[in-house]
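Written out below as structure tokens is the structure these notes cover.
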Amino acid sequence: MRFLLLGATGATGGLFTDAATAAGHEVVAFVRDPAKLAQRERVTAVAGDVRDADALAEAMRGVDAVVSTLGIGKAKDPANLITDSTHALVQAAEASGTKRVVIMSAFGVGESLAKASGILRFLYKGGRANFADKAAGEHILTASALDWTLVYPVLLTNKPATTVQAIDLKQLDRLPGVPRISRADVAAFLLSAAAEGSWSRRTAVLTK
């Protein structure tokens with residue numbers, strides 16, 4: 001399969017690329033600066049702004065699914081980056097005919113916040129603006145006719161992949177404690193969801 005990847009220069013995006021290419025898939029990495037990506041087989045770097053719907057639509061030609069691990073990585077990133085980029089992504093997907101879109105968000109966004117433990121809600125206070133941006137983008141995605149999946153990992157670590165538990169957000173009552181999951185596990189789940197078409201129009205909470 002051929003995937004368009006947003007957020008390829010991030011930690012989880014890099015692990016997704018590793019997993020996808022190791023499984024024989026191709027990755028089109030849509031990035032601001034292709035020089036930040038090392039040249040490798042099965043990976044094509046395309047320069048562009050994730051808020052540019054026309055550029056995204058062009059990059060989507062011939063892809064089977066879009067995967068986004070995009071996040072607010074630097075202070076200079078616009079505060080509404082996720083909202084704007086999701087709006088552009090939906091426009092591009094609809095124009096190009098691409099249906100499958102898998103987006104990594106975060107546990108604590110939107111209605112999932114009420115299902116977090118008290119200590120997690122306290123930890124999430126510092127990210128309210130980012131979470132609000134993600135939630136706004138997700139409203140745009142879920143209102144579309146696309147075959148979307150939202151992925152809500154709990155706190156991320158850089159530990160090796162182990163096993164992952166995926167819970168439908170609608171079926172989750174409360175997630176106790178301060179659960180963590182490795183980025184490698186998240187990347188593997190993103191690949192599985194994108195390649196297999198599982199979790200269609202559902203939100204998966206990922207934990208160990």
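Ligands are numbered from 1 in the order shown, chains are lettered A, B, ... in the order of the structure tokens, and residues start at 1 in each chain.
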What are the nearest atom pairs, with distances in Å to one decimal, for all residues of range 132-185 of chain A that come at most 12 Å from range 56-75 of chain A, using only C-alpha atoms, set out by chain and rising residue number as JSON lines?
{"residue": "A:Asp133", "atom": "CA", "partner": "A:Ile72", "partner_atom": "CA", "distance": 9.8}
{"residue": "A:Lys134", "atom": "CA", "partner": "A:Gly71", "partner_atom": "CA", "distance": 8.9}
{"residue": "A:Gly137", "atom": "CA", "partner": "A:Leu70", "partner_atom": "CA", "distance": 11.7}
{"residue": "A:Leu146", "atom": "CA", "partner": "A:Ala65", "partner_atom": "CA", "distance": 10.8}
{"residue": "A:Asp147", "atom": "CA", "partner": "A:Ala65", "partner_atom": "CA", "distance": 9.5}
{"residue": "A:Trp148", "atom": "CA", "partner": "A:Val66", "partner_atom": "CA", "distance": 9.4}
{"residue": "A:Thr149", "atom": "CA", "partner": "A:Val67", "partner_atom": "CA", "distance": 9.5}
{"residue": "A:Leu150", "atom": "CA", "partner": "A:Ser68", "partner_atom": "CA", "distance": 9.8}
{"residue": "A:Val151", "atom": "CA", "partner": "A:Thr69", "partner_atom": "CA", "distance": 9.7}
{"residue": "A:Tyr152", "atom": "CA", "partner": "A:Thr69", "partner_atom": "CA", "distance": 11.1}
{"residue": "A:Pro153", "atom": "CA", "partner": "A:Thr69", "partner_atom": "CA", "distance": 11.2}
{"residue": "A:Arg183", "atom": "CA", "partner": "A:Thr69", "partner_atom": "CA", "distance": 10.7}
Only C-alpha atoms, please: the residues just picked out, written as an mmCIF file, in the first residue's frame.
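Wrote it out as again_38.cif, contents follow:
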data_model
loop_
_atom_site.group_PDB
_atom_site.id
_atom_site.type_symbol
_atom_site.label_atom_id
_atom_site.label_comp_id
_atom_site.auth_asym_id
_atom_site.auth_seq_id
_atom_site.Cartn_x
_atom_site.Cartn_y
_atom_site.Cartn_z
ATOM 1 C CA ASP A 133 -7.185 22.890 18.717
ATOM 2 C CA LYS A 134 -7.225 19.109 18.262
ATOM 3 C CA GLY A 137 -10.015 19.744 13.983
ATOM 4 C CA LEU A 146 -14.490 10.268 4.920
ATOM 5 C CA ASP A 147 -13.592 6.848 6.293
ATOM 6 C CA TRP A 148 -11.834 8.254 9.348
ATOM 7 C CA THR A 149 -10.259 6.809 12.479
ATOM 8 C CA LEU A 150 -9.103 8.855 15.474
ATOM 9 C CA VAL A 151 -6.391 7.394 17.686
ATOM 10 C CA TYR A 152 -6.098 8.569 21.304
ATOM 11 C CA PRO A 153 -2.885 7.309 22.907
ATOM 12 C CA ARG A 183 5.332 5.439 20.518
#
One residue among A:Val27, A:Ala116, A:Ile181, A:Ala20 is nearest to Leu5 in chain A when using only C-alpha atoms, and that residue is A:Val27
(request) Just the residues within 12 Å of Lys125 in chain A, please, counting only C-alpha atoms, with nothing from its chain fewer than 5 positions along; format it as a PyMOL selection string. (result) chain A and resi 108-109+113+118-120+130-132
Write the selection just made, keeping N, CA, C and O atoms, as a PDB file, in the first residue's frame?
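So the final result, stored in selection.pdb, reads:
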ATOM      1  N   GLY A 108      -7.590  12.671  26.388  1.00  0.00           N
ATOM      2  CA  GLY A 108      -7.765  13.946  27.078  1.00  0.00           C
ATOM      3  C   GLY A 108      -8.406  14.990  26.195  1.00  0.00           C
ATOM      4  O   GLY A 108      -8.864  16.027  26.679  1.00  0.00           O
ATOM      5  N   VAL A 109      -8.469  14.711  24.892  1.00  0.00           N
ATOM      6  CA  VAL A 109      -9.096  15.636  23.954  1.00  0.00           C
ATOM      7  C   VAL A 109     -10.610  15.405  23.964  1.00  0.00           C
ATOM      8  O   VAL A 109     -11.089  14.272  24.029  1.00  0.00           O
ATOM      9  N   LEU A 113     -11.698  13.657  28.025  1.00  0.00           N
ATOM     10  CA  LEU A 113     -11.151  14.271  29.234  1.00  0.00           C
ATOM     11  C   LEU A 113     -11.943  13.849  30.469  1.00  0.00           C
ATOM     12  O   LEU A 113     -11.374  13.590  31.534  1.00  0.00           O
ATOM     13  N   GLY A 118      -8.280  11.762  37.884  1.00  0.00           N
ATOM     14  CA  GLY A 118      -8.067  13.110  38.392  1.00  0.00           C
ATOM     15  C   GLY A 118      -6.649  13.595  38.165  1.00  0.00           C
ATOM     16  O   GLY A 118      -6.426  14.749  37.793  1.00  0.00           O
ATOM     17  N   ILE A 119      -5.672  12.722  38.368  1.00  0.00           N
ATOM     18  CA  ILE A 119      -4.277  13.134  38.189  1.00  0.00           C
ATOM     19  C   ILE A 119      -3.970  13.424  36.718  1.00  0.00           C
ATOM     20  O   ILE A 119      -3.223  14.345  36.398  1.00  0.00           O
ATOM     21  N   LEU A 120      -4.573  12.651  35.810  1.00  0.00           N
ATOM     22  CA  LEU A 120      -4.367  12.926  34.387  1.00  0.00           C
ATOM     23  C   LEU A 120      -4.992  14.263  34.000  1.00  0.00           C
ATOM     24  O   LEU A 120      -4.394  15.035  33.242  1.00  0.00           O
ATOM     25  N   ASN A 130      -3.774  23.346  23.138  1.00  0.00           N
ATOM     26  CA  ASN A 130      -3.485  22.334  22.122  1.00  0.00           C
ATOM     27  C   ASN A 130      -4.631  21.332  22.005  1.00  0.00           C
ATOM     28  O   ASN A 130      -4.991  20.916  20.898  1.00  0.00           O
ATOM     29  N   PHE A 131      -5.198  20.945  23.145  1.00  0.00           N
ATOM     30  CA  PHE A 131      -6.304  19.990  23.122  1.00  0.00           C
ATOM     31  C   PHE A 131      -7.542  20.605  22.470  1.00  0.00           C
ATOM     32  O   PHE A 131      -8.281  19.917  21.768  1.00  0.00           O
ATOM     33  N   ALA A 132      -7.773  21.886  22.727  1.00  0.00           N
ATOM     34  CA  ALA A 132      -8.907  22.561  22.104  1.00  0.00           C
ATOM     35  C   ALA A 132      -8.723  22.632  20.587  1.00  0.00           C
ATOM     36  O   ALA A 132      -9.690  22.469  19.829  1.00  0.00           O
TER      37      ALA A 132
END
Atom pair CA of Gln91 in chain A + CA of Arg202 in chain A, distance 20.2 Å
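Note that the spacing between CA of Pro179 in chain A and CA of Leu156 in chain A amounts to 9.0 Å.
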Just to confirm, what's the straight-line distance from CA of Lys99 in chain A to CA of Asp33 in chain A in Å (one decimal)?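 CA of Lys99 in chain A sits 26.4 Å away from CA of Asp33 in chain A.
Here the question is which of A:Leu123, A:Ala187, A:Leu206, A:Leu6 gets nearest to Leu89 in chain A using only C-alpha atoms, and that residue is A:Leu6.
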Smallest atom-to-atom distance to Ala92 in chain A: which of A:Thr163, A:Ser198, A:Ser144, A:Thr207, using only C-alpha atoms?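 Of the candidates, the smallest distance to Ala92 in chain A is held by A:Ser144.
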Requested in this report: Could you give me the residues within range 124-203 of chain A that DSSP places in helix (DSSP H, G or I), as a ChimeraX atom specification?
Outcome: /A:124-142,169-171,183-196
Please determine, counting only C-alpha atoms, which residue among A:Asp185, A:Glu138, A:Glu94, A:Glu41 has the shortest atom-to-atom distance to Thr203 in chain A.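 Smallest separation from Thr203 in chain A among the options: A:Glu138.
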Pick the closest to Val178 in chain A from A:Val154, A:Leu191, A:Ile103, A:Val31: which is it, counting only C-alpha atoms?
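Ranking A:Val154, A:Leu191, A:Ile103, A:Val31 by distance to Val178 in chain A, first place goes to A:Val154.
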